[in-house]
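Student: Structure file start-v8.txt (compact mmCIF, C-alpha atoms) right here:
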# COMPACT_ATOMS: atom_id res chain seq x y z
CA MET A 1 13.63 -14.95 22.27
CA LYS A 2 10.93 -12.34 21.67
CA GLU A 3 11.34 -12.55 17.90
CA VAL A 4 11.07 -16.34 17.84
CA ARG A 5 7.81 -16.23 19.76
CA VAL A 6 6.31 -13.68 17.34
CA LEU A 7 7.24 -15.87 14.39
CA GLU A 8 5.57 -18.90 15.95
CA ILE A 9 2.34 -17.01 16.48
CA LYS A 10 2.43 -15.71 12.94
CA GLN A 11 3.04 -19.18 11.52
CA SER A 12 0.14 -20.71 13.40
CA VAL A 13 -2.09 -17.88 12.15
CA PHE A 14 -0.97 -18.62 8.57
CA ALA A 15 -1.41 -22.39 8.94
CA ASP A 16 -4.91 -21.95 10.33
CA ASN A 17 -5.80 -19.52 7.55
CA ASP A 18 -4.43 -21.87 4.86
CA MET A 19 -6.69 -24.62 6.19
CA GLN A 20 -9.73 -22.32 6.18
CA ALA A 21 -8.86 -21.14 2.67
CA ASP A 22 -8.62 -24.70 1.29
CA LYS A 23 -11.95 -25.54 2.88
CA LEU A 24 -13.60 -22.44 1.39
CA ARG A 25 -12.09 -23.19 -2.05
CA GLN A 26 -13.54 -26.70 -1.93
CA GLU A 27 -17.00 -25.41 -0.94
CA LEU A 28 -16.96 -22.78 -3.69
CA LYS A 29 -16.00 -25.49 -6.21
CA GLU A 30 -19.04 -27.51 -5.15
CA LYS A 31 -21.28 -24.45 -5.48
CA GLY A 32 -19.81 -23.50 -8.86
CA VAL A 33 -18.60 -20.08 -7.69
CA PHE A 34 -15.22 -18.96 -9.09
CA LEU A 35 -13.56 -16.54 -6.66
CA LEU A 36 -11.09 -13.97 -7.99
CA ASN A 37 -8.94 -12.09 -5.47
CA LEU A 38 -7.96 -8.70 -6.93
CA MET A 39 -5.11 -6.85 -5.19
CA SER A 40 -3.06 -3.68 -5.75
CA SER A 41 -1.62 -0.52 -4.19
CA PRO A 42 -4.04 2.26 -3.24
CA GLY A 43 -5.20 4.13 -6.32
CA SER A 44 -3.93 1.75 -9.01
CA GLY A 45 -7.37 1.51 -10.61
CA LYS A 46 -9.02 -1.62 -9.19
CA THR A 47 -12.55 -0.19 -9.21
CA THR A 48 -12.31 1.32 -12.71
CA THR A 49 -10.89 -1.98 -14.03
CA LEU A 50 -13.78 -3.83 -12.38
CA MET A 51 -16.33 -1.52 -14.01
CA ARG A 52 -14.80 -2.33 -17.42
CA THR A 53 -14.69 -6.05 -16.58
CA ILE A 54 -18.36 -6.16 -15.53
CA ASP A 55 -19.35 -4.30 -18.68
CA ALA A 56 -17.34 -6.61 -20.96
CA LEU A 57 -18.73 -9.78 -19.36
CA LYS A 58 -22.36 -8.60 -19.11
CA GLY A 59 -24.76 -11.35 -20.30
CA LYS A 60 -21.91 -13.89 -20.33
CA ILE A 61 -20.99 -14.48 -16.68
CA LYS A 62 -23.01 -13.58 -13.58
CA ILE A 63 -20.73 -11.45 -11.43
CA GLY A 64 -20.88 -10.48 -7.76
CA VAL A 65 -18.42 -8.03 -6.23
CA MET A 66 -17.11 -7.62 -2.68
CA GLU A 67 -15.50 -4.23 -2.09
CA ALA A 68 -13.17 -4.36 0.91
CA ASP A 69 -12.06 -1.12 2.52
CA ILE A 70 -11.03 0.05 5.94
CA ASP A 71 -13.63 2.78 5.72
CA SER A 72 -15.97 4.50 3.21
CA ASP A 73 -18.33 2.98 0.66
CA VAL A 74 -17.36 5.04 -2.40
CA ASP A 75 -16.21 1.98 -4.38
CA ALA A 76 -19.35 -0.08 -3.73
CA LYS A 77 -21.48 2.87 -4.81
CA THR A 78 -19.49 3.10 -8.05
CA ILE A 79 -19.80 -0.64 -8.75
CA ALA A 80 -23.56 -0.51 -8.02
CA LEU A 81 -23.89 1.87 -11.00
CA SER A 82 -22.84 -1.02 -13.27
CA GLY A 83 -25.89 -3.02 -12.18
CA ALA A 84 -23.70 -5.80 -10.74
CA LYS A 85 -24.48 -7.35 -7.38
CA VAL A 86 -22.16 -5.72 -4.84
CA ILE A 87 -21.45 -5.57 -1.12
CA GLN A 88 -19.10 -3.27 0.80
CA LEU A 89 -16.95 -4.97 3.43
CA HIS A 90 -15.46 -2.83 6.18
CA THR A 91 -12.35 -4.46 7.59
CA GLY A 92 -12.32 -2.49 10.84
CA GLY A 93 -8.78 -1.24 10.35
CA MET A 94 -7.44 -4.58 9.10
CA CYS A 95 -4.90 -4.33 6.30
CA HIS A 96 -5.94 -7.51 4.47
CA LEU A 97 -8.71 -10.09 4.17
CA ASP A 98 -8.21 -13.65 5.36
CA ALA A 99 -10.28 -16.71 4.42
CA GLU A 100 -12.75 -16.31 7.27
CA MET A 101 -13.43 -12.66 6.44
CA THR A 102 -13.85 -13.65 2.79
CA ARG A 103 -16.34 -16.36 3.80
CA GLN A 104 -18.34 -13.75 5.74
CA GLY A 105 -18.22 -11.48 2.70
CA LEU A 106 -19.50 -14.23 0.40
CA GLU A 107 -22.36 -14.98 2.81
CA GLY A 108 -23.22 -11.29 2.92
CA LEU A 109 -23.11 -11.06 -0.88
CA ASP A 110 -25.21 -14.26 -1.28
CA THR A 111 -23.71 -16.25 -4.15
CA LYS A 112 -26.67 -18.37 -5.24
CA ASP A 113 -26.98 -16.41 -8.52
CA VAL A 114 -23.22 -15.70 -8.86
CA GLU A 115 -20.76 -17.58 -11.11
CA LEU A 116 -17.81 -15.23 -10.67
CA ALA A 117 -17.28 -13.56 -7.28
CA ILE A 118 -14.64 -10.85 -7.28
CA LEU A 119 -13.02 -9.71 -4.07
CA GLU A 120 -11.49 -6.24 -4.31
CA ASN A 121 -8.97 -6.57 -1.51
CA VAL A 122 -7.65 -3.68 0.65
CA GLY A 123 -5.24 -1.43 -1.31
CA ASN A 124 -1.93 -2.79 -0.03
CA LEU A 125 0.96 -4.63 -1.72
CA VAL A 126 2.18 -6.32 1.45
CA CYS A 127 -0.28 -7.97 3.82
CA PRO A 128 -2.95 -9.26 1.40
CA ALA A 129 -0.24 -11.37 -0.28
CA GLU A 130 0.30 -13.28 2.96
CA PHE A 131 -3.27 -14.45 3.45
CA ASP A 132 -4.87 -17.02 1.13
CA THR A 133 -8.51 -15.93 0.74
CA GLY A 134 -9.67 -19.22 -0.76
CA ALA A 135 -9.65 -17.69 -4.24
CA SER A 136 -9.42 -19.82 -7.38
CA LYS A 137 -7.07 -17.23 -8.89
CA ASN A 138 -5.12 -14.21 -7.65
CA ALA A 139 -4.88 -11.10 -9.79
CA MET A 140 -3.09 -7.83 -9.20
CA ILE A 141 -2.89 -4.43 -10.80
CA LEU A 142 0.33 -2.46 -11.02
CA SER A 143 -0.16 1.04 -12.40
CA VAL A 144 2.45 2.83 -14.50
CA PRO A 145 2.88 5.81 -12.09
CA GLU A 146 3.98 3.39 -9.33
CA GLY A 147 7.11 2.48 -11.27
CA ASP A 148 8.60 -0.57 -12.98
CA ASP A 149 10.67 -1.58 -9.94
CA LYS A 150 7.78 -2.71 -7.73
CA PRO A 151 8.39 -6.48 -8.26
CA LEU A 152 11.83 -5.93 -6.67
CA LYS A 153 10.31 -4.37 -3.57
CA TYR A 154 7.15 -6.44 -3.05
CA PRO A 155 8.32 -9.93 -4.06
CA LEU A 156 5.59 -12.02 -2.40
CA MET A 157 2.70 -10.16 -4.05
CA PHE A 158 4.11 -10.72 -7.53
CA SER A 159 5.02 -14.34 -6.81
CA ILE A 160 1.48 -15.37 -5.77
CA CYS A 161 -0.43 -13.69 -8.62
CA ASP A 162 -1.58 -15.66 -11.65
CA VAL A 163 -2.06 -12.50 -13.65
CA VAL A 164 -0.62 -8.98 -13.43
CA LEU A 165 -2.51 -6.16 -15.14
CA ILE A 166 -0.31 -3.15 -15.89
CA ASN A 167 -2.77 -0.27 -15.79
CA LYS A 168 -2.68 3.41 -16.85
CA ILE A 169 -0.54 2.71 -19.93
CA ASP A 170 -2.05 5.88 -21.44
CA VAL A 171 0.23 8.00 -19.21
CA MET A 172 3.43 6.08 -20.04
CA PRO A 173 4.90 9.10 -21.92
CA TYR A 174 4.83 11.14 -18.68
CA PHE A 175 6.59 8.60 -16.46
CA ASP A 176 9.94 6.78 -16.51
CA PHE A 177 8.40 3.35 -16.86
CA ASP A 178 10.23 0.63 -18.81
CA MET A 179 7.67 -2.04 -19.82
CA ASP A 180 10.34 -4.59 -20.82
CA LYS A 181 12.19 -4.15 -17.54
CA CYS A 182 8.91 -4.48 -15.64
CA ARG A 183 8.06 -7.75 -17.45
CA GLU A 184 11.55 -9.03 -16.65
CA TYR A 185 11.20 -8.19 -12.93
CA ILE A 186 7.73 -9.78 -12.73
CA HIS A 187 8.96 -12.99 -14.38
CA MET A 188 11.95 -13.02 -12.03
CA ARG A 189 9.44 -13.34 -9.18
CA ASN A 190 6.99 -15.54 -11.04
CA PRO A 191 7.91 -17.05 -14.43
CA LYS A 192 4.31 -18.23 -15.02
CA ALA A 193 2.59 -14.89 -14.40
CA LYS A 194 0.40 -13.72 -17.27
CA ILE A 195 1.06 -10.00 -17.92
CA ILE A 196 -1.55 -7.82 -19.62
CA PRO A 197 -1.01 -4.07 -20.18
CA ILE A 198 -4.34 -2.22 -19.93
CA CYS A 199 -5.87 1.20 -19.66
CA ALA A 200 -9.05 0.94 -17.62
CA LYS A 201 -9.86 4.57 -18.46
CA THR A 202 -9.88 4.08 -22.27
CA GLY A 203 -10.63 0.34 -22.36
CA GLU A 204 -7.36 -0.68 -24.03
CA GLY A 205 -6.36 -4.26 -23.20
CA ILE A 206 -9.68 -5.03 -21.47
CA GLU A 207 -10.65 -7.53 -24.18
CA GLU A 208 -7.49 -9.57 -23.63
CA TRP A 209 -7.97 -9.45 -19.85
CA THR A 210 -11.65 -10.46 -19.86
CA LYS A 211 -10.92 -13.24 -22.39
CA TRP A 212 -8.22 -14.58 -20.05
CA LEU A 213 -10.63 -14.35 -17.11
CA SER A 214 -13.62 -16.00 -18.81
CA ASP A 215 -11.37 -18.79 -20.17
CA GLU A 216 -10.13 -19.39 -16.61
CA VAL A 217 -13.72 -19.61 -15.32
CA VAL A 218 -14.69 -22.08 -18.09
CA ASN A 219 -11.58 -24.26 -17.57
CA TRP A 220 -12.13 -24.29 -13.82
CA LYS A 221 -15.76 -25.39 -14.24
CA GLU A 222 -14.74 -28.22 -16.54
CA ALA A 223 -11.78 -29.38 -14.43
CA MET B 224 -15.49 -14.55 21.39
CA LYS B 225 -12.72 -15.16 18.88
CA GLU B 226 -12.77 -11.55 17.69
CA VAL B 227 -12.49 -10.16 21.22
CA ARG B 228 -9.42 -12.26 21.90
CA VAL B 229 -7.68 -11.04 18.74
CA LEU B 230 -8.35 -7.44 19.64
CA GLU B 231 -6.87 -7.90 23.09
CA ILE B 232 -3.64 -9.32 21.68
CA LYS B 233 -3.43 -6.51 19.16
CA GLN B 234 -3.98 -3.89 21.86
CA SER B 235 -1.23 -5.24 24.07
CA VAL B 236 1.12 -5.14 21.06
CA PHE B 237 0.17 -1.50 20.45
CA ALA B 238 0.48 -0.53 24.11
CA ASP B 239 3.92 -2.09 24.32
CA ASN B 240 5.00 -0.35 21.11
CA ASP B 241 3.67 3.01 22.29
CA MET B 242 5.79 2.70 25.43
CA GLN B 243 8.91 1.81 23.41
CA ALA B 244 8.21 4.71 21.03
CA ASP B 245 7.92 7.26 23.85
CA LYS B 246 11.17 5.98 25.33
CA LEU B 247 12.96 6.25 21.97
CA ARG B 248 11.55 9.76 21.39
CA GLN B 249 12.90 10.85 24.77
CA GLU B 250 16.36 9.38 24.06
CA LEU B 251 16.49 11.03 20.63
CA LYS B 252 15.57 14.36 22.22
CA GLU B 253 18.51 14.02 24.62
CA LYS B 254 20.84 13.18 21.71
CA GLY B 255 19.51 16.05 19.58
CA VAL B 256 18.36 13.78 16.75
CA PHE B 257 15.07 14.79 15.09
CA LEU B 258 13.37 11.71 13.61
CA LEU B 259 11.03 12.10 10.65
CA ASN B 260 8.84 9.13 9.69
CA LEU B 261 8.01 9.33 5.98
CA MET B 262 5.16 7.15 4.76
CA SER B 263 3.21 6.59 1.52
CA SER B 264 1.80 4.06 -0.94
CA PRO B 265 4.24 2.13 -3.11
CA GLY B 266 5.57 4.31 -5.90
CA SER B 267 4.34 7.70 -4.69
CA GLY B 268 7.83 9.18 -4.89
CA LYS B 269 9.34 8.93 -1.39
CA THR B 270 12.89 8.36 -2.61
CA THR B 271 12.83 11.12 -5.26
CA THR B 272 11.38 13.54 -2.69
CA LEU B 273 14.16 12.57 -0.27
CA MET B 274 16.81 13.23 -2.91
CA ARG B 275 15.40 16.74 -3.41
CA THR B 276 15.16 17.26 0.36
CA ILE B 277 18.78 16.23 0.97
CA ASP B 278 19.94 18.49 -1.85
CA ALA B 279 17.97 21.50 -0.54
CA LEU B 280 19.22 21.08 3.04
CA LYS B 281 22.86 20.34 2.15
CA GLY B 282 25.20 22.34 4.39
CA LYS B 283 22.31 23.36 6.67
CA ILE B 284 21.24 20.17 8.45
CA LYS B 285 23.16 16.90 8.77
CA ILE B 286 20.85 14.20 7.43
CA GLY B 287 20.89 10.42 7.83
CA VAL B 288 18.45 8.18 5.99
CA MET B 289 17.02 4.74 6.82
CA GLU B 290 15.47 3.05 3.78
CA ALA B 291 13.04 0.34 4.87
CA ASP B 292 11.95 -2.27 2.36
CA ILE B 293 10.82 -5.86 2.43
CA ASP B 294 13.50 -6.69 -0.08
CA SER B 295 15.97 -5.00 -2.49
CA ASP B 296 18.39 -2.15 -1.89
CA VAL B 297 17.59 0.02 -4.93
CA ASP B 298 16.42 2.97 -2.81
CA ALA B 299 19.48 3.02 -0.52
CA LYS B 300 21.74 2.93 -3.60
CA THR B 301 19.88 5.94 -5.01
CA ILE B 302 20.12 7.91 -1.75
CA ALA B 303 23.84 7.08 -1.49
CA LEU B 304 24.36 9.02 -4.74
CA SER B 305 23.32 12.19 -2.87
CA GLY B 306 26.25 11.77 -0.51
CA ALA B 307 23.94 11.48 2.50
CA LYS B 308 24.54 8.87 5.16
CA VAL B 309 22.19 5.97 4.45
CA ILE B 310 21.34 2.46 5.59
CA GLN B 311 18.98 -0.08 4.02
CA LEU B 312 16.69 -1.89 6.45
CA HIS B 313 15.18 -5.18 5.36
CA THR B 314 11.96 -5.85 7.27
CA GLY B 315 11.87 -9.59 6.57
CA GLY B 316 8.38 -9.49 5.09
CA MET B 317 7.01 -7.10 7.73
CA CYS B 318 4.58 -4.50 6.42
CA HIS B 319 5.62 -1.70 8.79
CA LEU B 320 8.31 -0.57 11.22
CA ASP B 321 7.67 -0.44 14.94
CA ALA B 322 9.68 1.47 17.55
CA GLU B 323 12.06 -1.40 18.26
CA MET B 324 12.86 -1.92 14.57
CA THR B 325 13.41 1.83 14.24
CA ARG B 326 15.79 1.76 17.20
CA GLN B 327 17.78 -1.02 15.53
CA GLY B 328 17.84 1.04 12.33
CA LEU B 329 19.12 4.12 14.16
CA GLU B 330 21.85 2.05 15.82
CA GLY B 331 22.81 0.64 12.41
CA LEU B 332 22.85 4.12 10.87
CA ASP B 333 24.88 5.57 13.78
CA THR B 334 23.45 8.99 14.61
CA LYS B 335 26.38 10.67 16.32
CA ASP B 336 26.85 13.06 13.36
CA VAL B 337 23.14 13.22 12.43
CA GLU B 338 20.72 16.05 13.29
CA LEU B 339 17.81 14.88 11.14
CA ALA B 340 17.20 11.15 10.76
CA ILE B 341 14.64 10.26 8.11
CA LEU B 342 12.92 6.88 8.11
CA GLU B 343 11.51 5.94 4.73
CA ASN B 344 8.87 3.48 5.93
CA VAL B 345 7.55 0.49 3.93
CA GLY B 346 5.28 1.58 1.05
CA ASN B 347 1.89 0.94 2.64
CA LEU B 348 -0.98 3.26 3.67
CA VAL B 349 -2.37 0.92 6.33
CA CYS B 350 -0.03 -0.78 8.80
CA PRO B 351 2.71 1.87 9.25
CA ALA B 352 -0.01 4.24 10.53
CA GLU B 353 -0.73 1.90 13.43
CA PHE B 354 2.80 1.78 14.83
CA ASP B 355 4.40 4.79 16.47
CA THR B 356 8.08 4.68 15.46
CA GLY B 357 9.20 7.22 18.06
CA ALA B 358 9.35 9.93 15.40
CA SER B 359 9.19 13.63 16.26
CA LYS B 360 6.97 14.21 13.23
CA ASN B 361 5.05 12.03 10.78
CA ALA B 362 4.98 12.95 7.10
CA MET B 363 3.25 11.28 4.19
CA ILE B 364 3.21 11.59 0.43
CA LEU B 365 0.04 11.18 -1.60
CA SER B 366 0.67 11.23 -5.34
CA VAL B 367 -1.81 12.62 -7.85
CA PRO B 368 -2.24 9.34 -9.81
CA GLU B 369 -3.50 7.62 -6.62
CA GLY B 370 -6.59 9.83 -6.57
CA ASP B 371 -8.08 12.56 -4.37
CA ASP B 372 -10.31 10.11 -2.44
CA LYS B 373 -7.53 8.38 -0.48
CA PRO B 374 -8.20 10.21 2.83
CA LEU B 375 -11.68 8.63 2.75
CA LYS B 376 -10.25 5.13 2.45
CA TYR B 377 -7.16 5.30 4.66
CA PRO B 378 -8.37 7.49 7.54
CA LEU B 379 -5.77 6.61 10.17
CA MET B 380 -2.77 7.42 7.95
CA PHE B 381 -4.06 10.92 7.22
CA SER B 382 -5.11 11.55 10.81
CA ILE B 383 -1.63 10.84 12.27
CA CYS B 384 0.42 12.86 9.77
CA ASP B 385 1.64 16.37 10.59
CA VAL B 386 2.28 17.12 6.94
CA VAL B 387 0.92 15.72 3.69
CA LEU B 388 2.94 16.27 0.51
CA ILE B 389 0.84 15.97 -2.64
CA ASN B 390 3.36 14.79 -5.21
CA LYS B 391 3.42 14.49 -9.02
CA ILE B 392 1.39 17.67 -9.54
CA ASP B 393 3.03 17.92 -12.99
CA VAL B 394 0.72 15.17 -14.25
CA MET B 395 -2.50 16.69 -12.88
CA PRO B 396 -3.81 17.42 -16.40
CA TYR B 397 -3.80 13.68 -17.18
CA PHE B 398 -5.71 12.54 -14.09
CA ASP B 399 -9.09 13.32 -12.53
CA PHE B 400 -7.64 14.81 -9.38
CA ASP B 401 -9.47 17.63 -7.60
CA MET B 402 -6.97 19.46 -5.36
CA ASP B 403 -9.66 21.36 -3.43
CA LYS B 404 -11.60 18.18 -2.75
CA CYS B 405 -8.40 16.44 -1.64
CA ARG B 406 -7.57 19.26 0.80
CA GLU B 407 -11.12 19.05 2.16
CA TYR B 408 -10.88 15.25 2.68
CA ILE B 409 -7.46 15.55 4.37
CA HIS B 410 -8.71 18.25 6.74
CA MET B 411 -11.79 16.14 7.49
CA ARG B 412 -9.38 13.52 8.89
CA ASN B 413 -6.94 15.98 10.38
CA PRO B 414 -7.79 19.69 10.58
CA LYS B 415 -4.20 20.57 11.61
CA ALA B 416 -2.41 18.80 8.75
CA LYS B 417 -0.10 20.99 6.72
CA ILE B 418 -0.63 20.32 3.01
CA ILE B 419 2.10 21.07 0.46
CA PRO B 420 1.68 20.30 -3.26
CA ILE B 421 5.03 19.32 -4.79
CA CYS B 422 6.65 17.82 -7.84
CA ALA B 423 9.74 15.93 -6.76
CA LYS B 424 10.69 15.42 -10.41
CA THR B 425 10.82 19.13 -11.29
CA GLY B 426 11.48 20.53 -7.80
CA GLU B 427 8.24 22.52 -7.57
CA GLY B 428 7.13 23.05 -3.95
CA ILE B 429 10.36 21.60 -2.50
CA GLU B 430 11.37 24.99 -1.07
CA GLU B 431 8.12 25.26 0.91
CA TRP B 432 8.49 21.69 2.13
CA THR B 433 12.13 21.98 3.23
CA LYS B 434 11.42 25.32 4.91
CA TRP B 435 8.60 23.67 6.88
CA LEU B 436 10.91 20.79 7.79
CA SER B 437 13.90 22.87 8.85
CA ASP B 438 11.63 25.18 10.90
CA GLU B 439 10.26 22.10 12.66
CA VAL B 440 13.79 20.88 13.46
CA VAL B 441 14.78 24.31 14.82
CA ASN B 442 11.61 24.67 16.93
CA TRP B 443 12.03 21.17 18.31
CA LYS B 444 15.64 21.84 19.29
CA GLU B 445 14.63 25.03 21.10
CA ALA B 446 11.57 23.54 22.82
Kindly transcribe the structure held in the file into structure tokens.
Tutor:
Amino acid sequence: MKEVRVLEIKQSVFADNDMQADKLRQELKEKGVFLLNLMSSPGSGKTTTLMRTIDALKGKIKIGVMEADIDSDVDAKTIALSGAKVIQLHTGGMCHLDAEMTRQGLEGLDTKDVELAILENVGNLVCPAEFDTGASKNAMILSVPEGDDKPLKYPLMFSICDVVLINKIDVMPYFDFDMDKCREYIHMRNPKAKIIPICAKTGEGIEEWTKWLSDEVVNWKEA
Amino acid sequence: MKEVRVLEIKQSVFADNDMQADKLRQELKEKGVFLLNLMSSPGSGKTTTLMRTIDALKGKIKIGVMEADIDSDVDAKTIALSGAKVIQLHTGGMCHLDAEMTRQGLEGLDTKDVELAILENVGNLVCPAEFDTGASKNAMILSVPEGDDKPLKYPLMFSICDVVLINKIDVMPYFDFDMDKCREYIHMRNPKAKIIPICAKTGEGIEEWTKWLSDEVVNWKEA
């Protein structure tokens, strides 16, 4: 009995969030703001990848960044160095962002001069996958040191992402990471997922990634 | 108003879990089963560290392992190779284990011939920290590729752990990881935390870690 009740509560939370997310997506479409939800494990390189992304798209797309963390503002300070508009969101212990928290973040950021808003979600492969933020596209980073088996263990995250960046490919010689096996596992979860190996530290693969991203923004505007 | 209501619900969940956890801890004490709750990010090396731990304590302490994952049984299959008693727990999408789920796991494992039960929690630095599992001690692994700033971003996890293993020290030359800074950040969150640098792959530091663990089991039995 207890378990059934918990599931009902959870489902109503999800249904309510899905409604809020669809509403936010519609409003962002009207305002011309493309929202990218970027997820990953702790320490996979979200902030470094964002720095590269902002640099590559400078002068082409106006970017605003929301840095979500339970505590600290180290990431927002780093992003601010790039010159991009940025706001730090503290989640108050929450393990994910939902649509309402994302809406508050966007209001805090102020999107009137933003074409591409990027939400750096809380470092977590589980909970963020369960909550639609209202994003136009979901992206995730899997880093080589985490291992090629992660799509087997965190199925939902891989199934909801439009693009998977495989980061830290520069350290592949030091880890047992099979890129072909990893691609196979990702496509098992999500046959349509775009997979791009990158190294945010050296810049490898960033051109392919930012081309994919800017094409998505253009196609979305024209749709 | 809305926020206050959510917090109340959450608190009653935590209070109920804390009660269940204390009850389970008491029962385990009577049965002579020491429960270790092992937490970390995805891919930090929990399973490899466990394999080394089981090997080092073979013939000294009878170990049983509960492998918690959202999906897949790859970790339980690996642990089974060590000859240790093992059970795979599927959390059904849940991002953490609470005391009741841990109790079910222990019943499934069957602890009558177990002195040290190890729970490999879901790979997640956020939610598992919020739920007392009834463990005698909490341990976590932080791996070098994740970065030395993690205690700043995931404060609760570091504050509740009795011991922090810093894994993958063999790849330190390839990452910007400052061990002194990391120690400082961990002790900022938890001045009493024992910190042990290890490399589960090569075995470095495993002796110090398993000595700490077996001393804890002995002291707990005698207390």
Student: Quick one: residues within 8 Å of Ser136 (chain A), only C-alpha atoms, excluding same-chain residues fewer than 4 positions away - as a VMD selection string?
Tutor: chain A and resid 25 34 to 37
Student: Which is closer to Gly83 (chain A) than all the others in A:Lys168, A:Arg103, A:Lys137, A:Lys58, using all atoms listed in the file?
Tutor: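 The shortest atom-to-atom distance to Gly83 (chain A) comes from A:Lys58.
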Student: So how far away is CA of Val74 (chain A) from CA of Ser382 (chain B), in Å?
Tutor: 19.2 Å
Student: For chain A, which residues have at least one atom within 8 Å of chain B, if we go by all atoms listed in the file? Write them as a VMD selection string, please.
Tutor: chain A and resid 41 to 44 69 to 72 93 to 95 124 to 127 145 to 147 150 152 to 155 171 174
Student: With distances taken over only C-alpha atoms, which residue among A:Ala84, A:Ile169, A:Ala99, A:Ile206 lies nearest Val13 (chain A)?
Tutor: A:Ala99
Student: Suppose you want the space between CA of Lys62 (chain A) and CA of Thr48 (chain A); what is it in Å?
Tutor: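 Atom-to-atom, CA of Lys62 (chain A) to CA of Thr48 (chain A), that is 18.4 Å.
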Student: What is the distance between CA of Ala56 (chain A) and CA of Ile141 (chain A), in Å to one decimal?
Tutor: 17.8 Å
Student: With distances taken over only C-alpha atoms, which of B:Thr425, B:Phe237, B:Met324, B:Ile383 is nearest to Thr356 (chain B)?
Tutor: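 Looking only at the distances to Thr356 (chain B), the closest residue turns out to be B:Met324.
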Student: Identify the residues within 10 Å of coordinate (21.5, -2.4, 11.6) (same frame as the file), considering all atoms listed in the file, and give the answer as a PyMOL selection string.
Tutor: chain B and resi 289+310-313+324-333
Student: Tell me which of A:Glu184, A:Asp98, A:Glu216, A:Glu204 sits closest to Ala139 (chain A), counting all atoms listed in the file.
Tutor: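 The answer is A:Glu216, which sits nearest to Ala139 (chain A).
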Student: Taking all atoms of region 134-149 of chain A that the file lists and extending 4 Å past them on each side, where is the centre of the axis-aligned box and how long are its edges? Answer in Å to one decimal, as JSON.
Tutor:
{"center_x": 0.5, "center_y": -7.0, "center_z": -7.6, "size_x": 28.3, "size_y": 33.6, "size_z": 21.7}
Student: Give me the residues near Ile61 (chain A) as a list in words, where near means some atom within 8 Å (using all atoms listed in the file) and where sequence neighbours in that chain fewer than 5 positions away do not count.
Tutor: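 Counting only the stated atoms, we get Glu115, Leu116 and Ser214 of chain A.
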Student: For Lys85 (chain A), work out the shell of residues within 7 Å, counting all atoms listed in the file and skipping chain neighbours fewer than 6 positions away, then give it as a list in words.
Tutor: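 Once the nearby chain positions are removed, what remains is Ile63, Gly64 and Val65 of chain A.
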Student: Write out as a ChimeraX atom specification the residues lying within 10 Å of Lys415 (chain B), counting only C-alpha atoms and excluding same-chain residues fewer than 5 positions away.
Tutor: /B:382,384-386,409-410
Student: So, counting only C-alpha atoms, which residue among A:Pro128, A:Ala76, A:Met172, A:Ser82 is closest to Leu57 (chain A)?
Tutor: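 Closest residue, counting only C-alpha atoms: A:Ser82.
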